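Source file: run37.cif (mmCIF, C-alpha atoms)
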data_query
loop_
_atom_site.label_atom_id
_atom_site.label_comp_id
_atom_site.auth_asym_id
_atom_site.auth_seq_id
_atom_site.Cartn_x
_atom_site.Cartn_y
_atom_site.Cartn_z
CA MET A 1 85.53 190.59 -123.64
CA GLU A 2 84.33 189.95 -127.20
CA ASP A 3 87.33 187.64 -127.71
CA PRO A 4 89.52 187.52 -124.60
CA SER A 5 92.17 185.47 -126.37
CA GLU A 6 92.78 188.28 -128.88
CA PRO A 7 95.19 191.01 -127.76
CA ARG A 8 94.16 194.59 -128.47
CA TYR A 9 96.09 197.82 -128.86
CA GLY A 10 95.19 201.18 -127.37
CA LEU A 11 93.70 202.80 -130.47
CA GLN A 12 91.40 199.80 -131.00
CA LEU A 13 90.19 200.12 -127.42
CA MET A 14 89.71 203.88 -127.80
CA ASP A 15 87.63 203.36 -130.97
CA ARG A 16 85.61 200.52 -129.44
CA THR A 17 84.82 202.32 -126.17
CA GLY A 18 84.66 205.91 -127.39
CA SER A 19 87.19 206.85 -124.69
CA LYS A 20 89.97 209.34 -125.22
CA SER A 21 93.65 208.54 -124.75
CA GLY A 22 93.74 210.49 -121.47
CA THR A 23 91.13 208.08 -120.14
CA ILE A 24 92.03 204.77 -121.73
CA TYR A 25 95.79 204.67 -121.12
CA PRO A 26 95.62 205.45 -117.38
CA ALA A 27 92.89 202.80 -117.08
CA LEU A 28 95.01 200.25 -118.95
CA HIS A 29 97.99 201.06 -116.75
CA ARG A 30 95.91 200.66 -113.61
CA LEU A 31 94.42 197.35 -114.78
CA GLU A 32 97.90 196.09 -115.59
CA SER A 33 99.26 197.15 -112.19
CA GLU A 34 96.33 195.30 -110.56
CA GLY A 35 97.20 192.13 -112.51
CA TRP A 36 94.11 192.16 -114.73
CA LEU A 37 96.03 192.88 -117.95
CA ARG A 38 99.44 192.14 -119.37
CA SER A 39 101.07 194.21 -122.07
CA TRP A 40 103.98 193.88 -124.47
CA SER A 41 105.38 195.54 -127.55
CA GLU A 42 104.21 194.13 -130.85
CA PRO A 43 106.97 191.98 -132.36
CA VAL A 44 107.27 193.77 -135.71
CA ASP A 45 110.04 195.50 -137.62
CA SER A 46 108.91 199.14 -137.79
CA SER A 47 110.70 199.69 -141.09
CA VAL A 48 108.85 196.77 -142.69
CA VAL A 49 105.34 197.67 -141.45
CA GLY A 50 105.86 201.42 -141.85
CA ARG A 51 104.79 202.40 -138.33
CA PRO A 52 106.03 202.08 -134.77
CA ALA A 53 105.38 198.84 -132.92
CA ARG A 54 102.11 198.92 -130.99
CA ARG A 55 101.66 198.18 -127.31
CA LEU A 56 99.34 195.16 -127.06
CA TYR A 57 97.09 194.38 -124.10
CA ALA A 58 95.45 191.11 -123.10
CA LEU A 59 93.40 189.99 -120.14
CA THR A 60 95.11 187.76 -117.61
CA PRO A 61 93.17 184.83 -116.12
CA THR A 62 92.60 187.03 -113.05
CA GLY A 63 91.30 189.87 -115.22
CA LEU A 64 89.05 187.56 -117.21
CA ALA A 65 87.53 186.13 -114.02
CA ALA A 66 87.00 189.61 -112.58
CA ALA A 67 85.44 190.90 -115.80
CA GLU A 68 83.13 187.87 -116.02
CA GLY A 69 82.08 188.45 -112.42
CA ALA A 70 81.40 192.13 -113.06
CA LEU A 71 79.33 191.35 -116.17
CA ALA A 72 77.32 188.49 -114.64
CA PRO A 73 74.54 190.64 -113.13
CA PHE A 74 74.05 192.44 -116.45
CA ARG A 75 73.91 189.20 -118.41
CA GLU A 76 71.41 187.78 -115.94
CA ALA A 77 69.23 190.89 -116.25
CA VAL A 78 69.22 190.62 -120.04
CA ALA A 79 68.45 186.90 -119.93
CA ALA A 80 65.66 187.24 -117.32
CA PRO A 81 62.16 186.64 -118.67
CA ARG A 82 59.89 189.66 -118.87
CA PRO A 83 56.87 189.73 -116.56
CA GLN A 84 53.45 189.18 -118.15
CA GLY A 85 51.94 192.38 -119.48
CA THR A 86 55.30 194.09 -120.09
CA LEU A 87 55.20 196.04 -123.29
CA GLU A 88 57.78 195.32 -125.92
CA PRO A 89 59.55 198.34 -127.42
CA ARG A 90 58.14 199.46 -130.74
CA SER A 91 60.29 199.09 -133.80
CA ALA A 92 60.74 202.26 -135.82
#

Target format structure tokens, applied to this file:
Amino acid sequence: MEDPSEPRYGLQLMDRTGSKSGTIYPALHRLESEGWLRSWSEPVDSSVVGRPARRLYALTPTGLAAAEGALAPFREAVAAPRPQGTLEPRSA
């Protein structure tokens, strides 16, 4: 969601979320089967880049709308003004 137009590969998502491969790849597969993601093989020559082609994932318009809807309550809670008398957290 940081940049929905930018495709990501599995290892990036694992690093970003702290999830392990046994968690992230089944989730990606499920999201793709539900139409929220699309995936494709990176169009590179493995011998030129020195590694296998990566599997890239990107949100579909359906996935983006669903993700925005799921995040909306959290964004609203963060943006809500604090009631009078609420203490601010101390900085260390």

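Considering all atoms listed in the file, the residue among A:Leu13, A:Ala79, A:Ala27, A:Gly35 positioned nearest to Ala65 of chain A is A:Gly35.
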
> What residues come out when you apply the PyMOL selection byres ((chain A and resi 57) around 7) to this file, written as a VMD selection string?
Replying inline: chain A and resid 7 to 9 37 to 40 55 to 56 58 to 59

Mind dumping the selected residues with C-alpha atoms as a short mmCIF file (atom, residue, chain, number, x, y, z; two decimals), in the coordinates of the input?
data_model
loop_
_atom_site.label_atom_id
_atom_site.label_comp_id
_atom_site.auth_asym_id
_atom_site.auth_seq_id
_atom_site.Cartn_x
_atom_site.Cartn_y
_atom_site.Cartn_z
CA PRO A 7 95.19 191.01 -127.76
CA ARG A 8 94.16 194.59 -128.47
CA TYR A 9 96.09 197.82 -128.86
CA LEU A 37 96.03 192.88 -117.95
CA ARG A 38 99.44 192.14 -119.37
CA SER A 39 101.07 194.21 -122.07
CA TRP A 40 103.98 193.88 -124.47
CA ARG A 55 101.66 198.18 -127.31
CA LEU A 56 99.34 195.16 -127.06
CA ALA A 58 95.45 191.11 -123.10
CA LEU A 59 93.40 189.99 -120.14
#

> In terms of the shortest atom-to-atom distance over all atoms listed in the file, which of A:Ala67, A:Ala72, A:Met1, A:Ala80 is closest to Leu31 of chain A?
Replying inline: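 Result for the nearest residue to Leu31 of chain A: A:Ala67.
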
> Suppose you want the space between atom CA of Gly69 of chain A and atom CA of Pro81 of chain A; what is it in Å?
Replying inline: 21.0 Å

> So how far away is atom CA of Arg30 of chain A from atom CA of Gly18 of chain A, in Å?
Replying inline: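 That distance, rounded to one decimal, is 18.5 Å.
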
> What does the distance from atom CA of Gly63 of chain A to atom CA of Leu28 of chain A come to in Å, to one decimal?
Replying inline: 11.6 Å

>> List as a list in words the protein and nucleic acid residues near Glu42 of chain A, meaning an atom at most 6 Å away when all atoms listed in the file are counted, but skip any in the same chain fewer than 2 places from it.
In response: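 With the cut-off at 6 Å, the set is Val44, Ala53, Arg54 and Arg55 of chain A.
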
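Among the candidates A:Pro61, A:Pro73, A:Pro52, A:Pro43, the residue lying nearest to Pro4 of chain A is A:Pro61 (atoms considered: all atoms listed in the file).
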